[in-house]
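Structure, as structure tokens:
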Amino acid sequence: MTLEDAGLRERVVVEEITGGRGVRMHLNTLGIHVGDTIRVVERAPFRGPVLVEINGSRVALGRGIARKVRVVPDASCSGRPAE
Amino acid sequence: MRLVLAGQPNSGKSTIFNAVAGYRSATANFPGSSVAYTISRTMILGREVQIVDLPGIYSLTTTDAAENQALSYLLDEEPEVIVNVVDATRLGRSLELTLQLLELGRPVVVALNMMDEALRKGIEIDPEILAAELGVPVVPTVARRGQGLKRLFREALRAAMTESVPAPKRLDREIERAVERIVELLPPEPAVYPVPRRFLALKVLERDPGITHAIERVSPGFVERVRPILEALEEAHGWNVPEVLSGHRHAVAHSIEDRASTMHHARLGWRERVDRLLLHPLTGGPVMLAILGVFFYTVFGAGKFVEEPLVAFFDQLSVAILGAFPPGSFIGTVLNGLVLGVSGGIAIVLPYLLPFLLGLAILEDTGYLPRMAYILDNLMHRIGLHGKSVLPMVLGYGCTVPAIMATRILESARDRRLTSALTVFVPCSARSTIIYGLVAAYMGPWWALGIYFLNIGVIVVLGTLLSRRMEGRSPGLILEIPDLRLPSMKTMAAKTWLNLKEFIVIAWPLLIASSVVLGILEWAHADHTINAVLSPFTVFVLGLPAAVGVTLVFGVLRKELSLVMLVQAMGTTALATVMTAVQMMTFTLFVLFYVPCVATVAALARELGWRDTAWITGLTVVVATVVAVVGRLALTLAGIG
Ligand SMILES: Nc1nc2c(ncn2[C@@H]2O[C@H](COP(=O)(O)OP(=O)(O)OP(=O)(O)O)[C@@H](O)[C@H]2O)c(=O)[nH]1
Ligand SMILES: [Mg+2]
């Protein structure tokens, strides 16, 4: 599943970031890495961007970007996953 | 001594800078409010210090042009001390940058800013533990209220004087070994940049294209020699090296955060509730329209309230002056031009400009702009851009020059070109005063609102057409949405004043001078010549009175001139008696779109080069003519005026 299809308010863990170096680095610098837990907070209508929460800060990701973030549901649901 | 403020976007660097340098660097609640560095000389604790406010950077790996500015400053300029401004509410992420700054081999002091926000969010940070972990002084601050700044600068000066260079944090063993091996392969001193060799080696590991190329130039074959090192590391981790590094720093930063901070229960307040409303799929759009509607009506209402009595007063003054001198005398016309120039600034422009700038400052400081980018991302995709372009375009309603500079926050050159081209069509506050002062005042606010919508429609059409012609695709929206914040009266006043000063110092004198020049032209009957030359266009194509010709020429200098000089050229402030509604509308539509002012042309040329500037300027004339003619025909057919 990608971030695009993650359920609203669901906690998910980043599994892989596909796409070019630019996008990966950009997401990294905003605090989104493989292994991080993130939560989809809001989803704009008409295929607009998704708003995700990561470590207390909020980032808007366009659908095209969200599609590049592969995620799995968070199994532990508590604390930060092991790096 | 040089002190540079570096840190992640929106952490409060410019606020700290302004606290010591006076309000000079624009602050706003969105990432990327500074796109160029600002330098100021001040006395701090009895020492002369050159203080530099850099654009925000998320890391020392750049993703856009504004970040590049900051990075090249840090690499080239050898500042005596780096003050790393950290947003305490985003400690973990901010420390990833701090770890990189520690690599630069310069004294570093951390300003742990936004402590008030952290408290509200239930985040308790122990500065002592943080300082021990990082090996540099850490000073808690609340920049907006000036708290802790004195101590911050004292620590910074001490660090600079004692040249206490921090030891970089060690990373994982394999990375360290790779770093050591690359350091040995680096060309001998002097290296490419005045930075430690360890830092260069890390950048090579990150596959930083700029630095790698620079080294390859000095030492050909370098890339080939380091390739096996990178490949071995990749093999061991199964990831590509830049991500290994970034992931590793992430882990180190968060373990420091865990040790230095404690989470208490956060109090949810009005911000979270308001934010839900602003961003909710159902309410977000309507609330945005409502906010902009209130903005529009408040500016119009406030402006009209002040404008009318002022105009009446200056009209009497003008009549008195003209009456005191024989008709057609040189001194009388010149004096009258002078009065019209002065009064145009005070009575016609300022009443609308002031509330407009104040309103824009509120939008910027509350943090609403990035939310607009989120809501409008979708629409922007239709015109080949993404949501971030909303920021420069909305800033364009204030002044086109900073708006064009703000396109530096965009990641790709294509997006910067396209956004700059479209931003030129956004009516700046000067052009808005024409919409308010002419259309809204004489024809009613609904007409004025209609013009804004028409303008957006034209921009959408242009964007759609232009983006088809430009190669490449927009990379997609990645934008941090900062917390909502109540704007502080002090910064709002300072910021509005900064923008207003630009009008008072540059535009107004130009306005007065131009009015006097027009007075002289009228006295010498030279205005008739200019008007006659332009009349095939103004009278035949646009159906306007011939007298508007000169105002269009002057309008290229400053957009406010068109309106003020219209009054002068037509010889009355009661414009409704000499122009029909259709003519006012046609005039406004043309002025709205045609040739940007000289300052904008210069800014365009600086950011995009002369070729782009030339076609964009040409395009404005075409669009202005088409829109004005179509508007004229449509209104005439509809039987208005
Ligand atoms: N609550 C609170 N707000 C602050 C503090 N310091 C700054 N701000 C606000 O935070 C916002 C961002 O401040 P800026 O000074 O523009 O941040 P910057 O680091 O220069 O941002 P960029 O230029 O975008 O990198 C503004 O709205 C400030 O008023 C603080 O200590 N507490
Ligand atoms: Mg700034």
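Ordered as shown in the structure tokens, chains take letters A, B, and onward, while each chain numbers its residues from 1 and ligands are numbered from 1 in the order shown.
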
If you count only C-alpha atoms and all ligand atoms, which residues end up within 9 Å of ligand 1, as a ChimeraX atom specification?
/B:5-18,25-36,53-57,85-87,112-118,141-147,364-367,482,485-488,491-492

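Counting only C-alpha atoms, region 154-164 of chain B has the following residues at most 6 Å away, ignoring those fewer than 5 positions along the same chain: Glu80, Val81, Pro107 and Val109 of chain B.
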
Per residue of chain A within 10 Å of chain B, record the nearest atom pair and its distance in Å to one decimal, counting only C-alpha atoms, with rows in chain order and ascending residue number, as CSV.
residue,atom,partner,partner_atom,distance
A:Arg21,CA,B:Pro242,CA,8.8
A:Gly22,CA,B:Thr63,CA,7.0
A:Val23,CA,B:Pro475,CA,8.0
A:Arg24,CA,B:Glu243,CA,8.1
A:Met25,CA,B:Glu243,CA,7.6
A:His26,CA,B:Thr63,CA,6.5
A:Leu27,CA,B:Ile478,CA,7.6
A:Asn28,CA,B:Ser246,CA,6.9
A:Thr29,CA,B:Tyr58,CA,5.5
A:Leu30,CA,B:Tyr58,CA,6.8
A:Gly31,CA,B:Arg93,CA,5.7
A:Ile32,CA,B:His250,CA,9.4
A:His33,CA,B:Gly247,CA,6.5
A:Val34,CA,B:Gly247,CA,7.7
A:Gly35,CA,B:Gly247,CA,9.1
A:Asp36,CA,B:Gly247,CA,10.0
A:Val41,CA,B:Arg276,CA,9.5
A:Glu42,CA,B:His280,CA,7.0
A:Arg43,CA,B:Pro281,CA,6.8
A:Ala44,CA,B:Pro281,CA,5.2
A:Pro45,CA,B:Pro281,CA,5.4
A:Phe46,CA,B:Asn378,CA,7.3
A:Arg47,CA,B:Asn378,CA,7.0
A:Gly48,CA,B:Asn378,CA,4.9
A:Pro49,CA,B:Tyr374,CA,6.6
A:Val50,CA,B:Tyr374,CA,8.5
A:Leu51,CA,B:Tyr374,CA,8.3
A:Val52,CA,B:Glu480,CA,9.6
A:Glu53,CA,B:Ile481,CA,9.8
A:Ile54,CA,B:Arg93,CA,9.9
A:Asn55,CA,B:Arg90,CA,7.6
A:Gly56,CA,B:Arg90,CA,7.0
A:Ser57,CA,B:Arg90,CA,6.8
A:Arg58,CA,B:Ile481,CA,5.4
A:Val59,CA,B:Glu480,CA,4.2
A:Ala60,CA,B:Leu479,CA,5.2
A:Leu61,CA,B:Ile478,CA,4.8
A:Gly62,CA,B:Leu477,CA,4.5
A:Arg63,CA,B:Gly476,CA,7.7
A:Gly64,CA,B:Gly476,CA,6.2
A:Ile65,CA,B:Gly476,CA,6.1
A:Ala66,CA,B:Gly476,CA,9.3
A:Arg80,CA,B:His254,CA,9.7
A:Ala82,CA,B:Ala251,CA,9.3
A:Glu83,CA,B:Ala251,CA,6.9

Have a look at B:Arg249, B:Arg225, B:Arg170, B:His213 and name the one nearest to Arg198 (chain B); count only C-alpha atoms.
B:Arg170

Rounded to one decimal place, report the CA of Trp447 (chain B)-CA of Gly359 (chain B) distance in Å.
20.9 Å

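Atom pair CA of Thr496 (chain B) / CA of Thr588 (chain B): separated by 25.9 Å.
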
Write down as an MDAnalysis selection string the residues belonging to region 5-185 of chain B that are assigned alpha helix (DSSP H) by DSSP computed on the backbone.
chainID B and resid 13:21 65:76 91:101 115:120 127:134 149:162 173:185

Taking only chain A into account, list the residues labelled strand (DSSP E or B) by DSSP (computed from the backbone), as a PyMOL selection string.
chain A and resi 2+11-17+37-43+50-54+57-61+69-73

When you look at region 594-601 of chain B with a cut-off of 7 Å (counting only C-alpha atoms), what residues show up, excluding the ones that are within fewer than 3 positions of it in the same chain? I need them as a list of chain:residue names.
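Listing them by chain and then by number gives B:Thr400, B:Val401, B:Val424, B:Val556, B:Leu557, B:Arg558, B:Lys559, B:Phe590, B:Val591, B:Leu604, B:Ala605, B:Thr613, B:Thr617, B:Thr620, B:Val621, B:Ala624.
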
Tell me, as a PyMOL selection string, which residues lie within 10 Å of Leu449 (chain B), counting only C-alpha atoms; anything in the same chain fewer than 6 positions away does not count.
chain B and resi 293+296-297+435-436+439-440+455

Leu3 (chain A) surroundings by only C-alpha atoms, 7 Å radius, close-in-sequence under 3 positions cut, as a list of chain:residue names
A:Ala6, A:Ala66, A:Arg67, A:Val69, A:Arg70, A:Val71

Produce a file of the selected residues containing N, CA and C atoms, as an mmCIF file, in the first residue's frame.
data_model
loop_
_atom_site.group_PDB
_atom_site.id
_atom_site.type_symbol
_atom_site.label_atom_id
_atom_site.label_comp_id
_atom_site.auth_asym_id
_atom_site.auth_seq_id
_atom_site.Cartn_x
_atom_site.Cartn_y
_atom_site.Cartn_z
ATOM 1 N N ALA A 6 -3.554 4.939 2.404
ATOM 2 C CA ALA A 6 -3.620 4.710 3.852
ATOM 3 C C ALA A 6 -4.881 5.366 4.409
ATOM 4 N N ALA A 66 2.731 11.259 -2.505
ATOM 5 C CA ALA A 66 2.194 10.260 -1.568
ATOM 6 C C ALA A 66 2.257 8.866 -2.184
ATOM 7 N N ARG A 67 2.072 8.812 -3.492
ATOM 8 C CA ARG A 67 2.088 7.523 -4.183
ATOM 9 C C ARG A 67 3.485 6.895 -4.148
ATOM 10 N N VAL A 69 5.446 6.888 -1.565
ATOM 11 C CA VAL A 69 5.804 6.438 -0.223
ATOM 12 C C VAL A 69 5.056 5.145 0.075
ATOM 13 N N ARG A 70 5.786 4.017 0.060
ATOM 14 C CA ARG A 70 5.153 2.729 0.358
ATOM 15 C C ARG A 70 5.110 2.533 1.864
ATOM 16 N N VAL A 71 3.968 2.131 2.373
ATOM 17 C CA VAL A 71 3.816 2.005 3.827
ATOM 18 C C VAL A 71 3.140 0.689 4.192
#

For CA of Ile82 (chain B) and CA of Val204 (chain B), determine how far apart the two atoms are, in Å to one decimal place.
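Those two atoms sit 23.0 Å apart.
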
I'd like the contact shell of Tyr452 (chain B) - 10 Å cut-off, only C-alpha atoms, skipping same-chain residues fewer than 5 positions apart - returned as a PyMOL selection string.
chain B and resi 296+426-427+432+435+446-447+457-458+592

Store the residues picked out above, limited to C-alpha atoms, as a PDB file, in the first residue's frame.
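Wrote result.pdb, looks like this:
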ATOM      1  CA  PHE B 296     -11.692  42.283   0.374  1.00  0.00           C
ATOM      2  CA  VAL B 426      -1.424  38.942 -10.220  1.00  0.00           C
ATOM      3  CA  PRO B 427      -2.630  42.455  -9.356  1.00  0.00           C
ATOM      4  CA  SER B 432      -5.454  46.895  -6.436  1.00  0.00           C
ATOM      5  CA  ILE B 435      -9.448  48.429  -8.744  1.00  0.00           C
ATOM      6  CA  TRP B 446     -19.266  43.658  -6.861  1.00  0.00           C
ATOM      7  CA  TRP B 447     -17.668  44.852 -10.066  1.00  0.00           C
ATOM      8  CA  GLY B 457      -9.585  33.081 -14.650  1.00  0.00           C
ATOM      9  CA  VAL B 458      -7.086  34.695 -17.022  1.00  0.00           C
ATOM     10  CA  LEU B 592      -4.295  45.501 -14.551  1.00  0.00           C
TER      11      LEU B 592
END

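Shell of Met470 (chain B) at 12 Å, with only C-alpha atoms counted and residues fewer than 5 places along the chain excluded, is Ile383, Gly384, Leu385, Ala413, Arg414, Asp415, Arg416, Arg417, Leu418, Thr419, Ala421, Gly463, Thr464 and Leu465 of chain B.
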
Atoms to include: C-alpha atoms. Write the selected residues as a tab-separated table (two decimals), in the first residue's frame.
chain	number	residue	atom	x	y	z
B	383	ILE	CA	-2.10	24.69	-14.60
B	384	GLY	CA	1.00	22.54	-14.50
B	385	LEU	CA	2.31	23.63	-11.11
B	413	ALA	CA	13.67	25.82	-12.69
B	414	ARG	CA	10.62	25.14	-14.82
B	415	ASP	CA	8.26	25.85	-11.93
B	416	ARG	CA	10.16	29.01	-11.12
B	417	ARG	CA	9.82	30.32	-14.67
B	418	LEU	CA	6.17	29.47	-15.00
B	419	THR	CA	5.27	30.81	-11.56
B	421	ALA	CA	5.42	34.55	-15.47
B	463	GLY	CA	-1.06	28.78	-16.91
B	464	THR	CA	-2.74	25.99	-18.80
B	465	LEU	CA	-1.44	27.28	-22.12
